[in-house]
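To be precise, the following lines are coords_16.txt, and they hold compact mmCIF, C-alpha atoms (C1' of nucleotides).
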```
# COMPACT_ATOMS: atom_id res chain seq x y z
CA MET R 1 -2.20 83.13 -37.32
CA PRO R 2 -5.16 81.26 -38.61
CA GLU R 3 -4.38 79.13 -41.64
CA LEU R 4 -6.44 76.26 -43.00
CA PRO R 5 -6.17 73.95 -39.96
CA GLU R 6 -7.14 76.72 -37.54
CA VAL R 7 -10.10 77.79 -39.67
CA GLU R 8 -11.17 74.16 -40.01
CA THR R 9 -10.95 73.77 -36.24
CA VAL R 10 -13.22 76.78 -35.79
CA ARG R 11 -15.60 75.45 -38.42
CA ARG R 12 -15.97 72.11 -36.69
CA ALA R 13 -16.53 73.69 -33.30
CA LEU R 14 -19.15 76.08 -34.68
CA ALA R 15 -20.90 73.23 -36.48
CA HIS R 16 -21.55 71.70 -33.08
CA SER R 17 -22.43 74.77 -31.09
CA LEU R 18 -24.27 76.98 -33.60
CA ALA R 19 -26.29 74.62 -35.80
CA ARG R 20 -30.02 75.41 -35.82
CA ARG R 21 -29.60 78.47 -33.61
CA ARG R 22 -31.69 81.42 -34.65
CA ILE R 23 -30.16 84.89 -34.83
CA VAL R 24 -32.09 87.47 -32.85
CA ALA R 25 -29.93 90.60 -33.05
CA VAL R 26 -26.67 92.06 -34.39
CA GLU R 27 -24.40 94.75 -32.97
CA GLY R 28 -21.18 96.12 -34.43
CA THR R 29 -18.62 98.79 -33.73
CA GLY R 30 -18.56 100.07 -37.29
CA LEU R 31 -14.77 100.15 -37.22
CA ALA R 32 -13.30 99.25 -40.58
CA LEU R 33 -11.92 95.76 -41.04
CA ARG R 34 -10.17 94.65 -44.23
CA ARG R 35 -13.42 95.49 -45.93
CA PRO R 36 -15.82 97.91 -44.27
CA LEU R 37 -17.91 96.25 -41.58
CA ASP R 38 -21.38 97.12 -42.84
CA VAL R 39 -23.38 96.93 -39.63
CA PRO R 40 -26.70 98.19 -41.09
CA VAL R 41 -26.67 95.48 -43.76
CA LEU R 42 -25.88 92.77 -41.21
CA GLN R 43 -28.63 94.09 -38.94
CA ALA R 44 -31.07 94.04 -41.85
CA ARG R 45 -30.21 90.55 -43.06
CA LEU R 46 -29.17 88.34 -40.15
CA PRO R 47 -31.89 88.57 -37.49
CA GLY R 48 -34.60 85.94 -38.00
CA ARG R 49 -32.30 83.63 -39.92
CA THR R 50 -31.23 80.22 -38.65
CA LEU R 51 -27.59 79.12 -38.74
CA LEU R 52 -26.73 75.95 -40.62
CA ALA R 53 -23.47 73.97 -40.58
CA PRO R 54 -20.66 76.33 -41.64
CA ARG R 55 -18.43 75.65 -44.63
CA ARG R 56 -14.76 76.46 -45.22
CA ARG R 57 -13.03 77.57 -48.41
CA GLY R 58 -9.30 78.16 -48.03
CA LYS R 59 -9.01 80.37 -44.96
CA PHE R 60 -12.55 81.69 -45.35
CA LEU R 61 -15.54 80.57 -43.31
CA LEU R 62 -19.04 80.64 -44.73
CA LEU R 63 -21.72 80.72 -42.07
CA ASP R 64 -24.70 79.60 -44.10
CA THR R 65 -28.19 80.49 -43.00
CA ASP R 66 -31.80 79.52 -43.64
CA PRO R 67 -33.35 81.32 -45.52
CA SER R 68 -30.31 81.13 -47.74
CA GLY R 69 -27.41 83.55 -47.58
CA SER R 70 -24.08 83.46 -45.76
CA LEU R 71 -21.95 85.44 -43.40
CA LEU R 72 -18.48 85.34 -44.95
CA VAL R 73 -15.75 85.52 -42.32
CA HIS R 74 -11.97 85.71 -42.59
CA LEU R 75 -9.92 85.72 -39.40
CA GLY R 76 -6.98 87.62 -40.87
CA MET R 77 -4.03 87.51 -38.50
CA THR R 78 -5.61 87.88 -35.10
CA GLY R 79 -9.33 87.26 -35.66
CA ARG R 80 -11.34 84.99 -33.39
CA LEU R 81 -14.90 83.75 -33.47
CA LEU R 82 -15.99 83.17 -29.90
CA VAL R 83 -19.24 81.79 -28.56
CA ALA R 84 -20.10 82.94 -25.05
CA ASP R 85 -23.00 83.75 -22.75
CA ALA R 86 -24.51 87.10 -23.61
CA GLY R 87 -23.99 88.37 -20.07
CA SER R 88 -20.26 87.69 -19.97
CA GLU R 89 -17.70 90.42 -20.49
CA ARG R 90 -16.78 91.06 -24.11
CA PRO R 91 -13.07 91.08 -24.95
CA ARG R 92 -11.36 94.19 -26.24
CA HIS R 93 -11.63 94.61 -30.01
CA THR R 94 -15.00 92.87 -30.27
CA HIS R 95 -16.19 94.25 -33.61
CA LEU R 96 -19.30 92.20 -34.24
CA VAL R 97 -21.78 90.49 -31.93
CA VAL R 98 -24.45 88.12 -33.24
CA SER R 99 -27.01 87.34 -30.53
CA LEU R 100 -28.59 83.88 -30.60
CA ASP R 101 -31.95 82.61 -29.39
CA ASP R 102 -30.43 80.57 -26.57
CA GLY R 103 -28.87 83.41 -24.59
CA ARG R 104 -25.43 83.04 -26.13
CA GLU R 105 -23.71 85.24 -28.68
CA LEU R 106 -21.19 84.78 -31.48
CA ARG R 107 -18.42 87.38 -31.20
CA PHE R 108 -15.96 88.42 -33.85
CA VAL R 109 -12.86 89.74 -32.10
CA ASP R 110 -9.91 91.04 -34.09
CA PRO R 111 -7.29 93.39 -32.60
CA ARG R 112 -5.41 93.95 -35.84
CA ARG R 113 -8.50 94.21 -38.00
CA PHE R 114 -7.04 92.26 -40.91
CA GLY R 115 -10.17 90.12 -40.78
CA LEU R 116 -13.46 90.31 -42.60
CA ALA R 117 -17.17 89.78 -41.96
CA VAL R 118 -19.58 90.46 -44.82
CA TRP R 119 -23.06 89.35 -45.75
CA LEU R 120 -23.33 87.34 -48.97
CA ALA R 121 -26.79 87.23 -50.48
CA PRO R 122 -27.74 84.10 -52.44
CA GLY R 123 -25.72 84.04 -55.66
CA GLN R 124 -23.13 86.51 -54.42
CA GLU R 125 -20.82 83.73 -53.30
CA ALA R 126 -20.01 82.85 -56.91
CA VAL R 127 -18.97 86.40 -57.76
CA ASP R 128 -17.32 87.55 -54.55
CA PRO R 129 -13.83 88.64 -55.63
CA SER R 130 -12.04 87.07 -52.65
CA LEU R 131 -13.69 83.69 -53.11
CA ALA R 132 -13.60 83.67 -56.90
CA ALA R 133 -9.82 84.15 -56.93
CA LEU R 134 -9.09 81.13 -54.72
CA GLY R 135 -7.13 78.19 -56.07
CA LEU R 136 -7.17 74.49 -55.22
CA GLU R 137 -8.13 73.12 -51.86
CA PRO R 138 -4.86 71.53 -50.75
CA LEU R 139 -6.60 68.61 -49.02
CA ASP R 140 -8.58 67.72 -52.12
CA PRO R 141 -7.55 64.25 -53.36
CA THR R 142 -6.79 65.76 -56.77
CA ALA R 143 -4.19 68.19 -55.39
CA PRO R 144 -1.14 65.86 -55.72
CA ARG R 145 -1.99 65.44 -59.38
CA LEU R 146 -3.16 68.96 -60.30
CA LEU R 147 -0.83 71.15 -58.28
CA PRO R 148 2.67 70.06 -59.39
CA PRO R 149 2.18 71.22 -63.01
CA LEU R 150 0.92 74.60 -61.79
CA LEU R 151 3.97 75.01 -59.54
CA HIS R 152 6.28 73.84 -62.31
CA ALA R 153 4.98 76.58 -64.62
CA ARG R 154 6.21 79.36 -62.31
CA ARG R 155 9.57 80.95 -61.64
CA ALA R 156 8.80 82.28 -58.15
CA PRO R 157 10.20 80.60 -55.01
CA LEU R 158 8.17 77.57 -53.95
CA LYS R 159 7.41 79.08 -50.59
CA ALA R 160 5.82 82.13 -52.22
CA LEU R 161 3.85 79.85 -54.53
CA LEU R 162 2.53 77.71 -51.67
CA MET R 163 1.33 80.85 -49.92
CA ASP R 164 -0.30 82.27 -53.05
CA GLN R 165 -4.02 81.77 -52.38
CA ARG R 166 -4.76 81.89 -56.11
CA LEU R 167 -2.84 78.63 -56.54
CA VAL R 168 -3.51 76.84 -53.25
CA ALA R 169 -6.12 78.11 -50.82
CA GLY R 170 -5.34 77.86 -47.13
CA VAL R 171 -1.57 77.52 -46.73
CA GLY R 172 0.19 80.33 -44.87
CA ASN R 173 3.66 80.95 -43.50
CA ILE R 174 3.66 78.31 -40.79
CA TYR R 175 2.50 75.33 -42.83
CA ALA R 176 4.43 76.31 -45.96
CA THR R 177 7.60 76.40 -43.84
CA GLU R 178 6.84 73.03 -42.23
CA ALA R 179 5.86 71.30 -45.47
CA LEU R 180 9.03 72.43 -47.26
CA TRP R 181 11.11 71.08 -44.41
CA ARG R 182 9.25 67.78 -44.37
CA ALA R 183 9.69 67.38 -48.11
CA GLY R 184 13.38 68.32 -47.90
CA VAL R 185 12.92 71.15 -50.38
CA ARG R 186 14.61 74.56 -50.18
CA PRO R 187 12.00 77.36 -49.77
CA GLY R 188 13.80 79.60 -52.26
CA ARG R 189 13.86 77.01 -55.02
CA ALA R 190 12.00 78.16 -58.13
CA GLY R 191 8.93 76.13 -59.08
CA CYS R 192 10.16 75.65 -62.64
CA ARG R 193 13.49 74.33 -61.37
CA THR R 194 11.95 71.58 -59.29
CA SER R 195 11.27 68.13 -60.68
CA PRO R 196 7.66 66.93 -60.90
CA ALA R 197 8.51 64.08 -58.51
CA ARG R 198 9.78 66.53 -55.87
CA LEU R 199 6.80 68.79 -56.39
CA ARG R 200 4.51 65.85 -55.83
CA ARG R 201 6.40 65.00 -52.64
CA LEU R 202 6.00 68.60 -51.54
CA VAL R 203 2.25 68.59 -52.11
CA LEU R 204 1.94 65.33 -50.17
CA ALA R 205 3.92 66.94 -47.34
CA VAL R 206 1.50 69.90 -47.38
CA GLN R 207 -1.43 67.50 -47.06
CA GLU R 208 0.28 65.57 -44.29
CA VAL R 209 1.11 68.60 -42.17
CA LEU R 210 -2.34 70.15 -42.63
CA GLU R 211 -4.08 66.92 -41.64
CA GLU R 212 -1.92 66.44 -38.57
CA ALA R 213 -2.54 70.02 -37.51
CA ILE R 214 -6.30 69.61 -37.91
CA ASP R 215 -6.11 66.49 -35.73
CA GLN R 216 -4.38 68.58 -33.07
CA GLY R 217 -6.92 71.40 -33.20
CA GLY R 218 -4.58 73.81 -35.01
CA THR R 219 -1.50 75.73 -33.94
CA THR R 220 -1.48 78.43 -31.29
CA ILE R 221 1.55 80.70 -31.41
CA ARG R 222 0.05 83.74 -29.81
CA ASP R 223 -3.40 84.60 -31.04
CA PHE R 224 -5.31 81.57 -32.18
CA ALA R 225 -8.10 80.09 -30.10
CA GLY R 226 -11.18 78.02 -30.82
CA PRO R 227 -14.71 79.35 -30.21
CA GLY R 228 -14.48 78.31 -26.56
CA GLY R 229 -11.20 80.16 -26.11
CA ASP R 230 -9.12 76.98 -26.12
CA PRO R 231 -5.69 76.92 -27.83
CA GLY R 232 -4.61 74.47 -30.54
CA ALA R 233 -2.11 71.76 -29.66
CA PHE R 234 0.00 71.59 -32.82
CA ALA R 235 2.63 74.17 -31.79
CA VAL R 236 4.66 71.49 -30.01
CA ARG R 237 4.80 69.53 -33.25
CA LEU R 238 6.32 72.36 -35.30
CA GLN R 239 9.73 71.15 -36.38
CA VAL R 240 11.23 74.32 -37.84
CA TYR R 241 8.83 77.27 -37.64
CA GLY R 242 9.88 79.43 -34.71
CA HIS R 243 13.07 77.39 -34.22
CA ALA R 244 15.62 79.49 -36.10
CA GLY R 245 19.10 78.90 -34.75
CA ALA R 246 18.20 75.49 -33.30
CA ARG R 247 19.35 72.12 -34.63
CA CYS R 248 17.51 70.55 -37.51
CA PRO R 249 15.52 67.62 -36.03
CA ARG R 250 16.40 65.51 -39.07
CA CYS R 251 20.08 66.08 -39.78
CA GLY R 252 21.39 68.13 -36.86
CA GLY R 253 22.34 71.08 -39.09
CA THR R 254 21.61 74.63 -37.98
CA LEU R 255 18.21 76.03 -38.93
CA ARG R 256 18.61 79.33 -40.72
CA THR R 257 16.22 82.18 -41.17
CA THR R 258 15.77 84.33 -44.26
CA ARG R 259 13.10 86.58 -45.67
CA LEU R 260 11.19 85.33 -48.66
CA ALA R 261 8.24 87.10 -50.27
CA GLY R 262 8.32 89.48 -47.30
CA ARG R 263 7.90 86.68 -44.77
CA SER R 264 10.33 85.14 -42.33
CA THR R 265 11.34 81.68 -43.41
CA VAL R 266 13.15 78.97 -41.48
CA TRP R 267 14.95 76.16 -43.26
CA CYS R 268 17.84 73.76 -43.01
CA LEU R 269 20.74 74.52 -45.34
CA ARG R 270 21.97 70.96 -45.18
CA CYS R 271 18.94 68.74 -45.77
CA GLN R 272 16.62 71.01 -47.73
CA ARG R 273 17.64 71.02 -51.35
C1' DC I 1 1.33 88.16 -67.20
C1' DC I 2 4.57 87.65 -63.47
C1' DA I 3 7.38 88.69 -59.46
C1' DG I 4 8.42 91.53 -55.80
C1' DT I 5 7.28 95.14 -52.43
C1' DA I 6 4.44 98.41 -49.65
C1' DT I 7 0.32 98.80 -47.06
C1' DC I 8 -3.24 98.24 -43.54
C1' DC I 9 -3.44 97.27 -38.04
C1' DT I 10 -2.20 96.31 -32.86
C1' DG I 11 0.51 94.01 -29.38
C1' DC I 12 4.57 92.64 -27.79
C1' DA I 13 9.63 92.18 -27.19
C1' DG I 14 14.06 94.16 -26.99
C1' DG I 15 17.29 98.00 -26.48
C1' DC I 16 18.64 101.90 -24.01
C1' DT P 1 10.06 102.96 -15.63
C1' DG P 2 9.05 104.62 -20.33
C1' DC P 3 9.91 105.54 -24.97
C1' DC P 4 11.25 104.01 -29.37
C1' DT P 5 11.84 100.63 -33.00
C1' DG P 6 10.98 96.54 -35.35
C1' DC P 7 8.58 92.50 -36.10
C1' DA P 8 4.55 89.35 -36.57
C1' DG P 9 1.80 88.37 -41.57
C1' DG P 10 -3.34 87.79 -43.87
C1' DA P 11 -4.82 89.81 -48.57
C1' DT P 12 -4.34 93.22 -51.96
C1' DA P 13 -2.80 97.47 -54.48
C1' DC P 14 0.81 98.87 -56.65
C1' DT P 15 5.45 99.02 -59.35
C1' DG P 16 8.92 97.40 -62.56
```
Before we go any further, please render this structure as structure tokens.
Amino acid sequence: MPELPEVETVRRALAHSLARRRIVAVEGTGLALRRPLDVPVLQARLPGRTLLAPRRRGKFLLLDTDPSGSLLVHLGMTGRLLVADAGSERPRHTHLVVSLDDGRELRFVDPRRFGLAVWLAPGQEAVDPSLAALGLEPLDPTAPRLLPPLLHARRAPLKALLMDQRLVAGVGNIYATEALWRAGVRPGRAGCRTSPARLRRLVLAVQEVLEEAIDQGGTTIRDFAGPGGDPGAFAVRLQVYGHAGARCPRCGGTLRTTRLAGRSTVWCLRCQR
DNA sequence: CCAGTATCCTGCAGGC
DNA sequence: TGCCTGCAGGATACTG
């Protein structure tokens, strides 16, 4: 389940392995992803371009090229970007293959097809609906100052607000769950019923957990892997996600599970207020 | 405008 | 063993 730390891990790996590689060909299955995978457009635009260092915005990756333009990628739930030798066997559900000038290829693999790969011409980035709707980058130094008032203005449960990409871009179910536990805040608490001081603590907890996860190369529950196929190491550091029914590592209470905003949520009844 | 829910998709786990 | 059901949840379309 790629959230910000997983996407950032992929970005860093691709920055090393793809920079200055020239694209020579593109193949695609034509199967629909979240948005239609427009293979003819990708085949018309990508070959001949050189890949630059990728950027990340929320959970989106922007593979910038020279001449300018970008391949916008979202990994959805089960998406992977893999770099492998062109001769090697392609995994099931490989929807897009970008061949490089050094005999390797970039593969977009996504069994559940919640992901996305679209060409953005110069200038399109500013008007792309997915990107334009994104809120604050949670790791931005201004987040602890700017985010609490936005959360305080809303009646929805804090967990739903943290996962709302229009407010904060990049936090998903795993890290929202962990940050709320770290901050000692109940996931179902309404934003407007939480003090600014607690909201600030919550935002700092979000930053902390995201940074630690990036340091560990992301979290692998089932599907995530870096471009080389390697799993992230943060799963062992998850304190509550996936541990419903276990003891709370902080107070020894029982971790409960509920559904909030359609997502499973784990929290400690005793020490999360 | 805001909050909550249904929807897309596949793989896997659990029950029988 | 095999079939069925439910769950996992990213973004987004829809409803109230």
Atom-to-atom span, CA of Arg189 in chain R and CA of Thr258 in chain R, Å: 13.2 Å
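What chain R places within 10 Å of chain P, counting only C-alpha atoms (C1' of nucleotides), is Met1, Pro2, Glu3, Arg34, Lys59, His74, Leu75, Gly76, Met77, Thr78, Phe114, Gly115, Ser130, Asp164, Gln165, Gly172, Asn173, Arg222, Gly262, Arg263 and Ser264 of chain R.
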List every residue of chain R that has an atom at most 7 Å from any atom of chain I, giving for each one its closest atom pair and the distance in Å to one decimal, counting only C-alpha atoms (C1' of nucleotides), sorted by chain and then by ascending residue number, as JSON lines.
```
{"residue": "R:Pro111", "atom": "CA", "partner": "I:DT10", "partner_atom": "C1'", "distance": 5.9}
{"residue": "R:Arg112", "atom": "CA", "partner": "I:DC9", "partner_atom": "C1'", "distance": 4.4}
{"residue": "R:Arg113", "atom": "CA", "partner": "I:DC9", "partner_atom": "C1'", "distance": 5.9}
{"residue": "R:Phe114", "atom": "CA", "partner": "I:DC9", "partner_atom": "C1'", "distance": 6.8}
{"residue": "R:Ala156", "atom": "CA", "partner": "I:DA3", "partner_atom": "C1'", "distance": 6.7}
```
Next, write the just-selected residues to a file, as a short mmCIF file (atom, residue, chain, number, x, y, z; two decimals), in the frame of the given file, keeping C-alpha atoms as the atom set.
```cif
data_model
loop_
_atom_site.label_atom_id
_atom_site.label_comp_id
_atom_site.auth_asym_id
_atom_site.auth_seq_id
_atom_site.Cartn_x
_atom_site.Cartn_y
_atom_site.Cartn_z
CA PRO R 111 -7.29 93.39 -32.60
CA ARG R 112 -5.41 93.95 -35.84
CA ARG R 113 -8.50 94.21 -38.00
CA PHE R 114 -7.04 92.26 -40.91
CA ALA R 156 8.80 82.28 -58.15
#
```
Using the file's own x, y and z axes, so that the box edges lie along x, y and z, what centre and edge lengths in Å (one decimal) does a box around every listed atom of range 4-9 of chain I get when 6 Å is added on each side? Give it as AutoDock Vina command-line options.
```
--center_x 2.5 --center_y 95.2 --center_z -46.9 --size_x 23.9 --size_y 19.3 --size_z 29.8
```
Expected answer as an NGL selection string: all residues with atoms within 7 Å of (-4.5, 69.2, -32.6), only C-alpha atoms (C1' of nucleotides): :R and (213-218 or 232-234)
